[in-house]
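Peer 1: The structure is given below, and queries will be raised subsequently.
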2 protein chains.
Amino acid sequence: MAGRSRSPRREVPRPCEGGHVAQNDPRIDTDLVSDLLLGKWKQERLEARELAADPRVQSPPGITMDEHRARVFEQLQVLVDEGAIQRAFPRSVGGGDNHGGNIAAFQELVLADPSLQIKSGVQWGLFGAAILHLGTQRHHERWLPDVISLKLPGAFAMTEIGHGSDVDAVGTTATYDPDAQEFEIHTPFTGAWKDYLGNAAVHGQAAVVFAQLITRGVNHGVHAFFVPIRTPEGELMPGVGAEDDGVKGGLNGIDNGRLHFTHVRIPRENLLNRYGDVAADGTYSSPIESPGRRFFTMIGTLVQGRVSLDGSAVRAMEAALLVAITYGNERRQFAGADGRDTVLLDYGQHQRRLIPRLAQTYAMAFASERLLTVFDEVFSGEHDTDENRQDLETLAAALKPLSTWAALDTLQEAREACGGAGFIAKNRLTSLRADLDIYATFEGDNTVLLQLVGKRLLTDYAAQFKGADRAALARAAAGQIGERVTRFGLRRIAQSVADFGQVGRSVENLRNTDTQRALLTDRVESMVAEVALALKSAGTGVSGQERAVATEAAFNAQQHTLIEAARSHAELLQWEAFTEALERVEDPDTLRVLTWLRDLFGLSLVEKNLAWYLMRGRLSAQRADAVTAYVDRLIGRLRHQALDLVEVFGISPEVLRAEIATGIEAERQDEAQAYVDAQIAAGTRPVHEKELRKQRQREQRAQTTHVAEAVAEGVAAG
Amino acid sequence: MAGRSRSPRREVPRPCEGGHVAQNDPRIDTDLVSDLLLGKWKQERLEARELAADPRVQSPPGITMDEHRARVFEQLQVLVDEGAIQRAFPRSVGGGDNHGGNIAAFQELVLADPSLQIKSGVQWGLFGAAILHLGTQRHHERWLPDVISLKLPGAFAMTEIGHGSDVDAVGTTATYDPDAQEFEIHTPFTGAWKDYLGNAAVHGQAAVVFAQLITRGVNHGVHAFFVPIRTPEGELMPGVGAEDDGVKGGLNGIDNGRLHFTHVRIPRENLLNRYGDVAADGTYSSPIESPGRRFFTMIGTLVQGRVSLDGSAVRAMEAALLVAITYGNERRQFAGADGRDTVLLDYGQHQRRLIPRLAQTYAMAFASERLLTVFDEVFSGEHDTDENRQDLETLAAALKPLSTWAALDTLQEAREACGGAGFIAKNRLTSLRADLDIYATFEGDNTVLLQLVGKRLLTDYAAQFKGADRAALARAAAGQIGERVTRFGLRRIAQSVADFGQVGRSVENLRNTDTQRALLTDRVESMVAEVALALKSAGTGVSGQERAVATEAAFNAQQHTLIEAARSHAELLQWEAFTEALERVEDPDTLRVLTWLRDLFGLSLVEKNLAWYLMRGRLSAQRADAVTAYVDRLIGRLRHQALDLVEVFGISPEVLRAEIATGIEAERQDEAQAYVDAQIAAGTRPVHEKELRKQRQREQRAQTTHVAEAVAEGVAAG
């Protein structure tokens, strides 16, 4: 648990590189690191951890979809009763106006049961939050109390079968009828059916429906409407159709389904009218003149989901590594030179599989905390500017893809590192992975999000060259300029790209913060510059449709590189967040260990992209070899820190519920060893045929030698 | 389906690089490629595909574990009734003596239901095969007929909680009692419980138990014993204990469980005595003198499982890509320059995600067929030499890890490429992935298997330098020698490593078969040489225990590199198998397309390891850039071949059962487009506010221009 003090220490076997035990290794101050990870919303996180340990909000593996759905719905009521979901709502309707704390607590619920987490996210983070953020006072008063109390379960009907990532193009229409003062919600074709909506198949009584608002013959773009879909008894409203999505790859405690509407009538007032309204006579008005900006402002409230998933993914990674490292530190296989079977975590390959992922998890945890802070600043109104909102969205779009992918990767590696035991459901790894699978494509498809980040990087980059010619861009792409494009609260870097040559030449510098930053930053900027240069020449000499096609083709050819640039940018952000966290550490031993971990993260990134650094002349072949050698050294050192470093995640056995991480394997190893020792002591251990053979061979050799000697003697005597 | 002729052609949208449609693209002869993939056991594969399409051997998603187990057990009887599992057994007991055909058919069953596949593998491929291969005539006659008919369901009790990969060290004992002429099977501690055994929790009536054979105070190592565990009524035999492994991450149609034995007595004759026997008086005898070789000969029969999994993984990949490429070729998202939403597969990134994996699938399919051929040669007795058996084991150990990992990776990428639809169980991707997860660690943990391959490579390498000094090794590591270590039926290469420099310098040569072979081979050999060199110096100057510890540490430091070398070796084998397959293609268009695909596979491998080629001076930075550029070009070309290339996998809709791959998405797209077209034709389509704004801006600009002109005229006039 978090807050566990330094003693009593667990006994960690510490064979060091070369088999020696290092008694003088630094040890982290576990309280300090726990607090560092708990971050600003420590209180909320600790409360949520206690709640997540409550068996009432957990589900056993293997229950049917129907049982799971019913159970999770009941669990939502537990959350309400425990006061666990009210934080983000306004005080006026019984909330706490605590946006950051709300998400922090939400993230912890992933280890109770991801179905519970996401279903609560649907009810309060999407359905409720849409009413809150897109509606106005009258909507808040009318519906939020029932939403909060769960008297009114609802769906968030945005995605359609035909349009997921491209929300702007949804097909559902909301046509205003001034005579009746009603909107008619209508699904014109199958592709416009709403799909994958939690609460749609069974529990939802209403839905916030996103539809093209049409009044007086003009389509004003996507707006949100409150639409009743079922009676409290569960009967569908007239004109509303629903279909069950059925069994999914995970999250089967959620009743995802489809909804469609056949000329369904709702009162004019059911338009959630914060960013766009229709008067009784059908006149449209909006506080935001540009339809594009209006749309992005409306769907901007969705960023909350991405922030939530990012931290949840980190939490799942922490659990995966806690399981795999605890088990790997006890499990033995294949006899070592000392006669006993070797501990898995002492194998070089096992370390390579787990330790860099541990470093990555720390980086992502610190980045996630940083994202949450920015989110809270914007949503609390503390720093709610247009630029901050845009930065928040880009930051979320950068971090969420990497952390959700890393969670799948880490859960899988942990599963495999635990062998067959990892595959047994009660050890949690497979079910967490199955549930988190969809995190990679919902709340923004990861690839689409990274492209969004890439486009933002391009835009920022291009802004520097307004009116510049191709030659200037080319110079920039070749790394000849010092101006930086890295943004989002990160410190700007003074050195010019030209420095990297020198920096790379000095191997000692690899552990230097500025070197790592320079290497990581250089890659992002150079890649963006390369893409910009390639795009600049597209469509020259043609115009109109021809130019549009040419530009599209040029962009398409660069899409992969741009997405890789966005990925590198996100990794740089994670590295910066880790580095920032180090600045808050004063205890020298703790700082030393965490710096190793940060270095391992940073240099693993360089190692991953070594070809790029070599091809662009940023690192020589010799220096590149040094990167791998230093990564190996760091992994070897951190192997002895691994248990401490997962312990501070503060995941109690009651939350983790993984049998193989309870010490059961060590007990079995001890029992087996005791059996062998007792046999040996009693002289009852059967001798192995191999031993007998060796003995015989020794005897034969001795005899042969004897014969040879006799012969030799004979010859000598003869 | 396989054998589908070239016409009628599906209409494939073919926007080419730059948006142009290439009418003159070559098209593959689908019949020809189908046959190429069906390989030697075409008939058996086609029969098994027909069987896999039978709803009786399929299971719906979402059934409970108990329902699924009962259903799969019934399905085994269907397999018996259809004559689907008898192929591998001797004709004397009603079999077909057809080892290759048996495995080929088995591999196809993965698309019916992996639970059915693996449960049948337990019954006939492990339990039955152990009696067949480790037992003798009397065992065959007594048990095989009932094993084949399923009257006698059994477990294969090798793995223990404490020992999975290290079978040699299992804790279960079989102690001979000459007075009773019985063996006493005993589980001395918890770690020695047998675990993860299919048929152990519910259905098994007997088990082949692997235990340390002890007679006259000597342990003769692991042997297999036939042990009854349950009555036909399901009651456990005296002294036998069982525990249910419960819900797993997948394969829940199989009743995996634990078994333990408390002084269980079995007749002396229940020892499966082909490779080791105990006379009535307790005298041990064996046709294989060395206990080590005896052990490896016994567990060598396990290679069948690895061969089976390798081809099954390939089949699952084929299904994944059939789904994702069919869907990606219909699905549209985000408006393109032509006004319509862009087809996903026209996006550069979507191509990068799917097309190289398609190339990899082909390479693995051809490699899998090659492995199966070697397997059949050995097991049919056609070429059953010690060396061939060793090569077969190394080949299986090399291919199985890569294909089972690639299956998980490909299923996941396909799932994400299909977005939310990919997560719905009825589209198959998530359930296949969940079931195949364990393929990565059972029948040999992938990491352990690759290490086995690495050690074999090292041994072969070292054999060349018997008695050579460190300097000779160093010269070899530096790539100064021409001798090759690549084995396993691959052709040896004449050029020396020194050639690579020149080869790499010529960009045109990248598409050259010899260049690719040289690059791929060089990497394997150089890495092995590097590891050998590093190991050579370990433990010099010390001896005994100190030397053992030093050697272990040195090996551990090289473990990661050695495993990477083994991986590269396996990739080379896949590439060679693909290249060999090309030699059997005469149709020029087919050959051209498949050569692109082979080139993409080969150069993707080079691209993946570009840093290595750069650091070792094998490729210059310019040539490295050319690799990526050429990979991009190949991907662009193959995008237009993708539909044909997945069609020839011969997976019928009845076998695939994935709704999104049925053309349903194209129908929805057409319906939506027809709706829009009709609105436009009728003049009822609402104008979008954005359009209105643009119009207004144009008008304003015109007015401004007008004013400016007027002012200018006024000035001129003034």
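A note on labels: chains of the structure tokens are A, B, ... as shown, every chain counts residues from 1, and ligands are counted from 1 in their shown order.
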Find the residues in chain A near chain B: any atom within 6 Å counts, using only C-alpha atoms. Write them as a PDB file with C-alpha atoms, in the first residue's frame.
Peer 2:
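So out.pdb came out as:
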```pdb
ATOM      1  CA  GLY A  18      28.514 -11.001 -12.803  1.00  0.00           C
ATOM      2  CA  GLY A  62     -16.384 -16.155 -16.061  1.00  0.00           C
ATOM      3  CA  ASP A 166     -15.224  11.796 -38.326  1.00  0.00           C
ATOM      4  CA  PHE A 189     -29.881   5.289 -43.499  1.00  0.00           C
ATOM      5  CA  GLY A 191     -24.826   3.848 -41.630  1.00  0.00           C
ATOM      6  CA  GLY A 217     -33.214  24.716 -44.783  1.00  0.00           C
ATOM      7  CA  VAL A 218     -29.735  25.279 -43.388  1.00  0.00           C
ATOM      8  CA  ASN A 219     -27.567  22.638 -41.789  1.00  0.00           C
ATOM      9  CA  HIS A 220     -25.759  24.276 -38.850  1.00  0.00           C
ATOM     10  CA  VAL A 247     -20.617 -10.080 -26.734  1.00  0.00           C
ATOM     11  CA  LYS A 248     -17.464  -8.018 -27.131  1.00  0.00           C
ATOM     12  CA  GLY A 249     -13.753  -8.715 -26.812  1.00  0.00           C
ATOM     13  CA  PHE A 334      16.619 -24.172 -15.123  1.00  0.00           C
ATOM     14  CA  ALA A 337      25.860 -22.510 -11.784  1.00  0.00           C
ATOM     15  CA  GLY A 348      19.233 -10.954 -19.038  1.00  0.00           C
ATOM     16  CA  GLN A 349      16.326 -11.444 -21.427  1.00  0.00           C
ATOM     17  CA  GLY A 419       3.822 -18.253 -18.603  1.00  0.00           C
ATOM     18  CA  PHE A 423      -3.138 -16.980 -18.777  1.00  0.00           C
ATOM     19  CA  ILE A 424      -5.314 -18.028 -15.830  1.00  0.00           C
ATOM     20  CA  ALA A 425      -8.071 -15.443 -15.397  1.00  0.00           C
ATOM     21  CA  THR A 430      -5.698 -11.477 -19.548  1.00  0.00           C
ATOM     22  CA  THR A 441      -9.642   3.023 -30.564  1.00  0.00           C
ATOM     23  CA  ALA A 548      -6.319  19.384 -54.021  1.00  0.00           C
ATOM     24  CA  VAL A 549      -5.711  15.872 -55.320  1.00  0.00           C
ATOM     25  CA  ALA A 553      -1.541  12.448 -52.357  1.00  0.00           C
ATOM     26  CA  ASN A 556      -0.802  10.620 -47.793  1.00  0.00           C
ATOM     27  CA  ALA A 557       2.748   9.758 -48.765  1.00  0.00           C
ATOM     28  CA  GLN A 559       1.248  10.248 -43.299  1.00  0.00           C
ATOM     29  CA  HIS A 560       3.362   7.489 -41.828  1.00  0.00           C
ATOM     30  CA  LEU A 610      18.937   4.420 -33.616  1.00  0.00           C
ATOM     31  CA  ALA A 611      18.734   4.043 -37.398  1.00  0.00           C
ATOM     32  CA  MET A 615      21.238   8.121 -40.939  1.00  0.00           C
ATOM     33  CA  ALA A 621      28.238   4.027 -35.043  1.00  0.00           C
ATOM     34  CA  ARG A 668       6.202 -23.426  -3.329  1.00  0.00           C
ATOM     35  CA  ALA A 672      10.337 -28.015  -2.955  1.00  0.00           C
ATOM     36  CA  PRO A 686      18.123 -41.402  -5.379  1.00  0.00           C
ATOM     37  CA  VAL A 687      21.335 -40.920  -7.267  1.00  0.00           C
ATOM     38  CA  HIS A 688      20.758 -39.839 -10.877  1.00  0.00           C
ATOM     39  CA  GLU A 689      21.860 -42.136 -13.690  1.00  0.00           C
TER      40      GLU A 689
END
```
Peer 1: Quick one: residues within 8 Å of Gln641 of chain B, only C-alpha atoms, excluding same-chain residues fewer than 4 positions away - as JSON, numbers by chain?
Peer 2: {"B": [27, 28, 593, 637, 645]}
Peer 1: Save the residues we just selected, N, CA, C and O atoms, as a PDB file, in the first residue's frame?
Peer 2:
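Printed below is again.pdb as written:
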```pdb
ATOM      1  N   ARG B  27      -2.152  -8.952 -62.490  1.00  0.00           N
ATOM      2  CA  ARG B  27      -3.037  -9.611 -61.521  1.00  0.00           C
ATOM      3  C   ARG B  27      -2.539 -11.039 -61.324  1.00  0.00           C
ATOM      4  O   ARG B  27      -2.112 -11.683 -62.277  1.00  0.00           O
ATOM      5  N   ILE B  28      -2.653 -11.490 -60.108  1.00  0.00           N
ATOM      6  CA  ILE B  28      -2.207 -12.860 -59.865  1.00  0.00           C
ATOM      7  C   ILE B  28      -3.234 -13.853 -60.396  1.00  0.00           C
ATOM      8  O   ILE B  28      -4.426 -13.546 -60.498  1.00  0.00           O
ATOM      9  N   VAL B 593       3.982 -10.165 -58.999  1.00  0.00           N
ATOM     10  CA  VAL B 593       3.312  -9.696 -57.774  1.00  0.00           C
ATOM     11  C   VAL B 593       3.887 -10.388 -56.541  1.00  0.00           C
ATOM     12  O   VAL B 593       4.185  -9.738 -55.532  1.00  0.00           O
ATOM     13  N   ARG B 637       2.228  -0.344 -54.438  1.00  0.00           N
ATOM     14  CA  ARG B 637       1.842  -1.261 -55.519  1.00  0.00           C
ATOM     15  C   ARG B 637       0.959  -2.394 -55.001  1.00  0.00           C
ATOM     16  O   ARG B 637      -0.013  -2.776 -55.639  1.00  0.00           O
ATOM     17  N   LEU B 645      -4.862 -11.054 -52.910  1.00  0.00           N
ATOM     18  CA  LEU B 645      -3.896 -11.799 -52.097  1.00  0.00           C
ATOM     19  C   LEU B 645      -4.525 -12.389 -50.828  1.00  0.00           C
ATOM     20  O   LEU B 645      -3.974 -13.331 -50.257  1.00  0.00           O
TER      21      LEU B 645
END
```
Peer 1: Leaving out Thr662 of chain B and any residue of its chain fewer than 5 positions from it, which residues lie within 10 Å of it when counting only C-alpha atoms, given as a ChimeraX atom specification?
Peer 2: /B:323,326-327,653,656-657,667
Peer 1: Going by DSSP on the backbone, which bits of segment 304-541 of chain A are strand (DSSP E or B)? Write them as a PyMOL selection string, please.
Peer 2: chain A and resi 332-335+341-343+424
Peer 1: One decimal, in Å: what's the spacing between atom CA of Glu654 of chain B and atom CA of Ala53 of chain B?
Peer 2: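 Computing the Euclidean distance for atom CA of Glu654 of chain B and atom CA of Ala53 of chain B yields 5.1 Å.
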Peer 1: For Phe210 of chain B, find every residue with an atom within 9 Å (counting only C-alpha atoms), except residues of its own chain fewer than 4 positions away, and show them as a list in words.
Peer 2: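 Final neighbour list, sorted by chain and number: Phe156, Ala157, Met158, Thr159, Val167, Val170, Thr172, Thr173, Ala174, Val222, His223, Ala224 and Phe225 of chain B.
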Peer 1: Write out the residues from the selection above, keeping N, CA and C atoms, as a compact mmCIF listing (two decimals), in the first residue's frame.
Peer 2:
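result.txt, freshly written:
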```txt
# COMPACT_ATOMS: atom_id res chain seq x y z
N PHE B 156 -2.38 -35.11 -20.86
CA PHE B 156 -0.95 -35.22 -21.10
C PHE B 156 -0.27 -34.51 -19.94
N ALA B 157 0.14 -35.29 -18.94
CA ALA B 157 0.55 -34.70 -17.67
C ALA B 157 2.06 -34.53 -17.62
N MET B 158 2.55 -33.53 -18.31
CA MET B 158 3.99 -33.26 -18.33
C MET B 158 4.29 -32.04 -17.45
N THR B 159 3.75 -30.88 -17.81
CA THR B 159 4.03 -29.64 -17.10
C THR B 159 3.60 -29.71 -15.64
N VAL B 167 11.46 -29.46 -18.40
CA VAL B 167 10.78 -30.74 -18.17
C VAL B 167 11.69 -31.73 -17.42
N VAL B 170 11.13 -32.09 -13.58
CA VAL B 170 9.84 -32.29 -12.92
C VAL B 170 10.01 -33.05 -11.61
N THR B 172 7.54 -34.98 -9.95
CA THR B 172 6.76 -36.20 -9.76
C THR B 172 7.68 -37.43 -9.86
N THR B 173 7.47 -38.38 -8.98
CA THR B 173 8.32 -39.58 -9.00
C THR B 173 7.50 -40.83 -9.33
N ALA B 174 8.18 -41.78 -10.00
CA ALA B 174 7.60 -43.10 -10.27
C ALA B 174 8.62 -44.11 -9.75
N VAL B 222 13.34 -38.64 -16.58
CA VAL B 222 11.90 -38.53 -16.87
C VAL B 222 11.44 -39.61 -17.85
N HIS B 223 10.40 -40.32 -17.49
CA HIS B 223 9.75 -41.31 -18.36
C HIS B 223 8.24 -41.09 -18.30
N ALA B 224 7.54 -41.70 -19.24
CA ALA B 224 6.08 -41.52 -19.29
C ALA B 224 5.35 -42.77 -18.84
N PHE B 225 4.29 -42.56 -18.06
CA PHE B 225 3.52 -43.67 -17.49
C PHE B 225 2.04 -43.47 -17.78
```
Peer 1: Which residues are near Ala105 of chain A? Cut-off 6 Å, only C-alpha atoms, ignore same chain within fewer than 2 positions. Put them as a ChimeraX atom specification.
Peer 2: /A:44-45,48,102-103,107-108
